$ cat data_30.cif   # mmCIF, C-alpha atoms
data_protein
#
loop_
_atom_site.label_atom_id
_atom_site.label_comp_id
_atom_site.auth_asym_id
_atom_site.auth_seq_id
_atom_site.Cartn_x
_atom_site.Cartn_y
_atom_site.Cartn_z
CA MET U 1380 75.73 107.93 122.69
CA GLU U 1381 73.33 110.31 124.44
CA THR U 1382 73.19 113.97 123.43
CA ASP U 1383 74.81 115.35 126.59
CA SER U 1384 77.22 112.43 127.06
CA PRO U 1385 80.05 113.81 124.87
CA MET U 1386 80.17 117.09 126.79
CA ALA U 1387 80.19 115.32 130.14
CA GLU U 1388 82.95 112.96 129.01
CA LEU U 1389 84.94 115.82 127.50
CA SER U 1390 84.80 117.67 130.82
CA MET U 1391 86.16 114.58 132.58
CA VAL U 1392 88.94 114.17 130.01
CA PHE U 1393 90.17 117.73 130.42
CA ALA U 1394 89.90 117.60 134.17
CA ARG U 1395 92.37 114.70 134.07
CA LEU U 1396 94.62 116.36 131.49
CA SER U 1397 94.75 119.84 132.99
CA GLY U 1398 97.88 119.12 135.01
CA MET U 1399 99.71 117.05 132.41
CA LEU U 1400 101.27 119.98 130.56
CA LEU U 1401 103.12 120.94 133.73
CA SER U 1402 104.77 117.53 133.88
CA GLU U 1403 107.94 116.41 132.16
CA ASP U 1404 105.90 114.54 129.57
CA GLY U 1405 104.25 117.81 128.50
CA ALA U 1406 102.49 118.03 125.15
CA ALA U 1407 103.53 114.53 124.06
CA GLY U 1408 101.84 112.90 127.03
CA ALA U 1409 98.76 115.06 126.64
CA ALA U 1410 98.58 114.21 122.94
CA ARG U 1411 98.64 110.48 123.70
CA ARG U 1412 95.84 110.85 126.22
CA LEU U 1413 93.84 112.97 123.78
CA ALA U 1414 94.20 110.28 121.11
CA GLU U 1415 92.96 107.67 123.56
CA ALA U 1416 90.04 109.92 124.51
CA ALA U 1417 89.12 110.50 120.85
CA CYS U 1418 89.06 106.76 120.21
CA VAL U 1419 86.68 106.27 123.13
CA LEU U 1420 84.45 109.29 122.54
CA VAL U 1421 83.95 108.95 118.77
CA ASP U 1422 81.61 106.09 117.92
CA GLY U 1423 83.03 103.68 115.36
CA ALA U 1424 86.67 104.72 115.83
CA THR U 1425 89.20 101.90 115.94
CA GLY U 1426 92.24 104.17 116.22
CA ALA U 1427 93.11 107.83 116.75
CA GLY U 1428 96.06 110.19 116.69
CA VAL U 1429 97.23 113.78 117.14
CA SER U 1430 99.68 115.36 114.68
CA LEU U 1431 101.88 118.29 115.71
CA LEU U 1432 105.25 119.77 114.83
CA ASP U 1433 108.30 118.31 116.54
CA GLU U 1434 111.26 120.33 117.84
CA ALA U 1435 112.75 120.51 114.34
CA GLY U 1436 109.53 121.80 112.79
CA ARG U 1437 108.66 118.48 111.13
CA ARG U 1438 105.13 117.16 111.03
CA ARG U 1439 104.74 113.98 113.05
CA THR U 1440 102.24 111.99 115.06
CA THR U 1441 102.91 113.12 118.61
CA GLY U 1442 100.31 110.89 120.24
CA SER U 1443 98.35 107.92 118.93
CA THR U 1444 96.66 104.68 119.88
CA GLY U 1445 99.41 102.91 117.90
CA GLY U 1446 99.37 100.24 115.21
CA SER U 1447 97.75 101.22 111.94
CA VAL U 1448 97.41 104.87 113.03
CA ASP U 1449 101.17 105.41 113.07
CA ALA U 1450 101.62 103.63 109.74
CA ALA U 1451 98.78 105.52 108.04
CA ASP U 1452 100.03 108.86 109.37
CA ALA U 1453 103.64 108.14 108.37
CA LEU U 1454 102.48 107.46 104.83
CA GLN U 1455 100.68 110.82 104.73
CA TYR U 1456 103.88 112.62 105.72
CA GLU U 1457 105.86 110.62 103.16
CA LEU U 1458 103.42 111.23 100.32
CA GLY U 1459 102.61 114.81 101.31
CA GLU U 1460 98.90 114.06 100.97
CA GLY U 1461 95.97 112.78 103.00
CA PRO U 1462 93.01 113.91 105.10
CA CYS U 1463 95.09 114.80 108.17
CA LEU U 1464 97.46 117.06 106.23
CA SER U 1465 94.55 118.65 104.38
CA ALA U 1466 92.69 119.40 107.62
CA TRP U 1467 95.90 120.89 109.03
CA ALA U 1468 96.67 123.02 105.96
CA THR U 1469 93.13 124.25 105.27
CA GLY U 1470 91.70 124.46 108.78
CA VAL U 1471 88.66 122.51 107.58
CA ALA U 1472 87.48 119.08 108.78
CA GLN U 1473 88.02 116.25 106.30
CA ARG U 1474 85.82 113.16 106.21
CA VAL U 1475 86.55 110.05 104.11
CA GLU U 1476 83.48 107.85 103.79
CA ASP U 1477 85.29 104.96 102.11
CA THR U 1478 88.98 104.80 101.23
CA THR U 1479 88.23 102.39 98.38
CA GLU U 1480 86.11 105.06 96.68
CA ASP U 1481 87.63 108.41 97.73
CA ARG U 1482 89.74 109.96 94.96
CA ARG U 1483 91.14 113.08 96.65
CA TRP U 1484 94.36 111.38 97.78
CA PRO U 1485 94.53 108.28 95.57
CA ALA U 1486 97.91 106.86 96.60
CA TRP U 1487 97.26 107.30 100.30
CA SER U 1488 93.66 106.06 100.14
CA ALA U 1489 94.70 102.91 98.29
CA ALA U 1490 97.40 102.15 100.87
CA ALA U 1491 95.05 102.89 103.78
CA ALA U 1492 92.38 100.60 102.34
CA GLY U 1493 94.99 97.88 101.95
CA ALA U 1494 95.85 98.28 105.63
CA GLY U 1495 92.22 97.82 106.66
CA ILE U 1496 91.34 101.50 107.16
CA ARG U 1497 88.04 102.25 105.44
CA ALA U 1498 86.81 105.53 106.99
CA VAL U 1499 88.63 108.61 108.29
CA LEU U 1500 87.66 111.77 110.12
CA SER U 1501 90.28 114.49 110.66
CA VAL U 1502 89.82 117.93 112.20
CA PRO U 1503 92.30 120.81 112.62
CA LEU U 1504 93.69 121.96 115.95
CA VAL U 1505 93.21 125.72 115.74
CA ARG U 1506 94.15 128.26 118.39
CA GLN U 1507 93.89 132.01 117.87
CA ASP U 1508 93.44 131.51 114.10
CA ARG U 1509 96.61 129.39 113.89
CA ALA U 1510 96.53 125.74 112.85
CA LEU U 1511 98.69 123.89 115.36
CA GLY U 1512 98.10 120.43 113.95
CA ALA U 1513 95.29 117.95 113.46
CA MET U 1514 93.42 115.22 115.29
CA LYS U 1515 92.10 112.19 113.47
CA VAL U 1516 90.18 108.95 113.98
CA TYR U 1517 90.25 105.88 111.74
CA ALA U 1518 87.66 103.12 111.35
CA ALA U 1519 87.74 99.61 109.92
CA ALA U 1520 84.22 99.97 108.48
CA PRO U 1521 83.18 102.35 105.66
CA HIS U 1522 80.75 105.21 106.37
CA ALA U 1523 81.61 104.95 110.08
CA PHE U 1524 81.50 108.68 110.82
CA THR U 1525 78.56 111.08 110.54
CA ALA U 1526 78.06 114.76 111.32
CA GLN U 1527 77.53 113.79 114.96
CA GLU U 1528 80.96 112.17 115.24
CA GLU U 1529 82.48 115.17 113.47
CA GLN U 1530 80.90 117.47 116.05
CA VAL U 1531 82.27 115.39 118.94
CA LEU U 1532 85.78 115.30 117.50
CA SER U 1533 85.65 119.02 116.71
CA LEU U 1534 84.67 119.80 120.30
CA LEU U 1535 87.56 117.70 121.56
CA ALA U 1536 89.96 119.33 119.09
CA GLU U 1537 88.83 122.83 120.05
CA ALA U 1538 89.65 122.25 123.69
CA ALA U 1539 92.78 120.25 122.84
CA ALA U 1540 94.16 123.17 120.83
CA VAL U 1541 93.97 125.38 123.92
CA LEU U 1542 95.70 122.72 126.00
CA LEU U 1543 98.43 121.95 123.50
CA GLY U 1544 98.87 125.53 122.35
CA SER U 1545 99.95 126.58 125.81
CA ALA U 1546 102.67 123.92 125.76
CA LEU U 1547 104.17 124.83 122.39
CA ALA U 1548 107.29 126.97 122.29
CA PRO U 1549 106.78 130.66 121.31
CA GLU U 1550 108.48 130.07 117.96
CA ALA U 1551 106.22 127.13 117.08
CA PRO U 1552 103.73 129.18 114.98
CA ASN U 1553 106.60 130.45 112.81
CA ARG U 1554 107.91 126.93 112.40
CA LEU U 1555 104.39 125.82 111.52
CA SER U 1556 104.02 128.48 108.82
CA ALA U 1557 107.38 127.52 107.34
CA SER U 1558 106.47 123.84 107.52
CA LEU U 1559 103.14 124.35 105.75
CA ARG U 1560 104.81 126.44 103.05
CA ALA U 1561 107.35 123.64 102.59
CA ALA U 1562 104.54 121.09 102.51
CA LEU U 1563 102.77 122.99 99.75
CA ALA U 1564 106.03 123.22 97.79
CA ASP U 1565 106.61 119.49 98.29
CA ARG U 1566 103.07 118.70 97.15
CA ARG U 1567 103.54 120.82 94.03
CA ALA U 1568 106.80 119.01 93.19
CA ILE U 1569 105.10 115.62 93.62
CA ASP U 1570 102.16 116.73 91.45
CA LEU U 1571 104.51 117.96 88.71
CA ALA U 1572 106.54 114.73 88.85
CA THR U 1573 103.31 112.72 88.66
CA GLY U 1574 102.30 114.59 85.51
CA MET U 1575 105.73 114.04 83.98
CA LEU U 1576 105.55 110.28 84.65
CA MET U 1577 102.05 110.16 83.18
CA GLU U 1578 103.37 111.70 79.99
CA ARG U 1579 106.52 109.57 79.98
CA HIS U 1580 104.77 106.23 80.49
CA GLY U 1581 101.31 106.99 79.09
CA THR U 1582 99.63 106.09 82.39
CA ASP U 1583 97.06 107.60 84.75
CA ALA U 1584 97.70 109.74 87.84
CA GLN U 1585 97.23 106.95 90.37
CA SER U 1586 99.66 104.62 88.59
CA ALA U 1587 102.21 107.40 88.29
CA ARG U 1588 101.90 108.21 92.01
CA VAL U 1589 102.32 104.52 92.89
CA THR U 1590 105.49 104.48 90.75
CA LEU U 1591 106.85 107.38 92.81
CA LEU U 1592 105.94 105.59 96.04
CA HIS U 1593 107.62 102.35 94.97
CA ALA U 1594 110.76 104.24 93.95
CA SER U 1595 110.77 106.03 97.29
CA ARG U 1596 110.68 102.76 99.17
CA ALA U 1597 113.16 100.97 96.89
CA LEU U 1598 115.74 103.76 97.10
CA ASP U 1599 114.95 104.62 100.74
CA LEU U 1600 114.47 108.29 99.86
CA PRO U 1601 111.62 110.72 100.66
CA MET U 1602 108.95 111.17 98.02
CA THR U 1603 110.04 114.77 97.51
CA ARG U 1604 113.60 113.65 96.63
CA ILE U 1605 112.22 111.17 94.11
CA ALA U 1606 109.99 113.88 92.63
CA SER U 1607 113.01 116.18 92.30
CA ARG U 1608 114.89 113.47 90.41
CA VAL U 1609 112.01 113.12 87.98
CA LEU U 1610 111.79 116.89 87.46
CA GLU U 1611 115.56 117.04 86.91
CA ARG U 1612 115.14 114.18 84.40
CA ALA U 1613 117.84 112.25 86.24
CA PRO U 1614 118.17 108.67 84.91
CA ASP U 1615 116.87 106.14 87.41
CA PRO U 1616 116.00 102.46 86.82
CA GLU U 1617 113.08 102.69 89.26
CA LEU U 1618 111.42 105.40 87.17
#

$ encode --input "data_30.cif" --output "structure tokens"
Amino acid sequence: METDSPMAELSMVFARLSGMLLSEDGAAGAARRLAEAACVLVDGATGAGVSLLDEAGRRRTTGSTGGSVDAADALQYELGEGPCLSAWATGVAQRVEDTTEDRRWPAWSAAAAGAGIRAVLSVPLVRQDRALGAMKVYAAAPHAFTAQEEQVLSLLAEAAAVLLGSALAPEAPNRLSASLRAALADRRAIDLATGMLMERHGTDAQSARVTLLHASRALDLPMTRIASRVLERAPDPEL
């Protein structure tokens, strides 16, 4: 990719998207197009997505290139951990060189690697010092993304935040703050439950987190509900 190519392509992308937010499809349609643009513009990307808050204030993938992106994102929301959520919560880009080696989000990384995702790059969507969401790209090969790809995705995210921010309802920032506070509380509950299972079964953190994940799927309950059961010391055959 030539040095000035990303800027030229970005200009073309936003020229096409400028009228979308006035249509019925609104932010959702724009998010899908942005995900498609990210997948094309970022070298090495095999999938991309945009995460925002829905009408109920829940984090979800509003636009994606489909397939493994939706599954990988859904697992982040379920676990309350992952590069996309971290970029959203901290306002700092997150790069995973290899999901088989990264230890920041062990349960999610292991599942992503099993699904064929080896590298991840996620950047926050920030407008007027408010994190509106996150944009991410996934790759099937490890070490797929460098500082150059991060710069391209960050440029796209910077402009996307302006586009999408204008389409969000006035109360969206308040819902976002509440959602992030809830996410931090959920993450703390899961961390505490993980520690309790480590002590109960004499196992490591990754094994304990996998136990929580398996119980969540077996009982068809969110991870946070399973964590609450552990913290309440409620008897459960799955735990």

$ residues_around --input "data_30.cif" --residues "Ala1486 of chain U" --least-positions-apart "5" --cutoff "8 Å" --atoms "all atoms listed in the file" --output "number ranges by chain"
U: 1458, 1585, 1588-1589

$ atom_distance --input "data_30.cif" --atom1 "atom CA of Ala1489 of chain U" --atom2 "atom CA of Ala1518 of chain U"
14.8 Å

$ resolve_selection --input "data_30.cif" --expression "the PyMOL selection byres ((chain U and resi 1479-1485) around 8)" --output "ChimeraX atom specification"
/U:1460-1462,1475-1478,1486-1489,1492,1497,1585

$ atom_distance --input "data_30.cif" --atom1 "atom CA of Glu1457 of chain U" --atom2 "atom CA of Leu1600 of chain U"
9.5 Å

$ closest_residue --input "data_30.cif" --among "U:Ser1595, U:Ser1430, U:Thr1573, U:Thr1525" --to "Gly1512 of chain U" --atoms "all atoms listed in the file"
U:Ser1430

$ closest_residue --input "data_30.cif" --among "U:Thr1590, U:Ser1607, U:Thr1425, U:Ser1447" --to "Ala1494 of chain U" --atoms "only C-alpha atoms"
U:Ser1447

$ closest_residue --input "data_30.cif" --among "U:Thr1469, U:Gln1507, U:Glu1528, U:Ala1491" --to "Leu1420 of chain U" --atoms "all atoms listed in the file"
U:Glu1528

$ closest_residue --input "data_30.cif" --among "U:Arg1579, U:Arg1506, U:Arg1474, U:Lys1515" --to "Ala1416 of chain U" --atoms "all atoms listed in the file"
U:Lys1515

$ atom_distance --input "data_30.cif" --atom1 "atom CA of Gly1408 of chain U" --atom2 "atom CA of Asp1452 of chain U"
18.2 Å

$ resolve_selection --input "data_30.cif" --expression "the PyMOL selection byres ((chain U and resi 1537-1539) around 8)" --output "list in words"
Leu1413, Leu1504, Val1505, Arg1506, Ser1533, Leu1534, Leu1535, Ala1536, Ala1540, Val1541, Leu1542 and Leu1543 of chain U

$ residues_near_point --input "data_30.cif" --point "(110.1, 114.3, 101.1)" --cutoff "9 Å" --atoms "only C-alpha atoms" --output "list in words"
Tyr1456, Glu1457, Leu1458, Gly1459, Ala1562, Asp1565, Leu1600, Pro1601, Met1602, Thr1603, Arg1604, Ile1605 and Ala1606 of chain U

$ closest_residue --input "data_30.cif" --among "U:Ala1523, U:Leu1598, U:Val1499, U:Ala1468" --to "Ala1427 of chain U" --atoms "only C-alpha atoms"
U:Val1499

$ closest_residue --input "data_30.cif" --among "U:Arg1509, U:Arg1439, U:Arg1567, U:His1522" --to "Gly1423 of chain U" --atoms "all atoms listed in the file"
U:His1522

$ axis_aligned_box --input "data_30.cif" --around "segment 1600-1615 of chain U" --padding-each-side "3 Å" --output "JSON"
{"center_x": 113.6, "center_y": 111.6, "center_z": 92.5, "size_x": 15.2, "size_y": 16.9, "size_z": 22.3}

$ resolve_selection --input "data_30.cif" --expression "the PyMOL selection byres ((chain U and resi 1572) around 8)" --output "PyMOL selection string"
chain U and resi 1568-1571+1573-1576+1606-1607+1609-1610
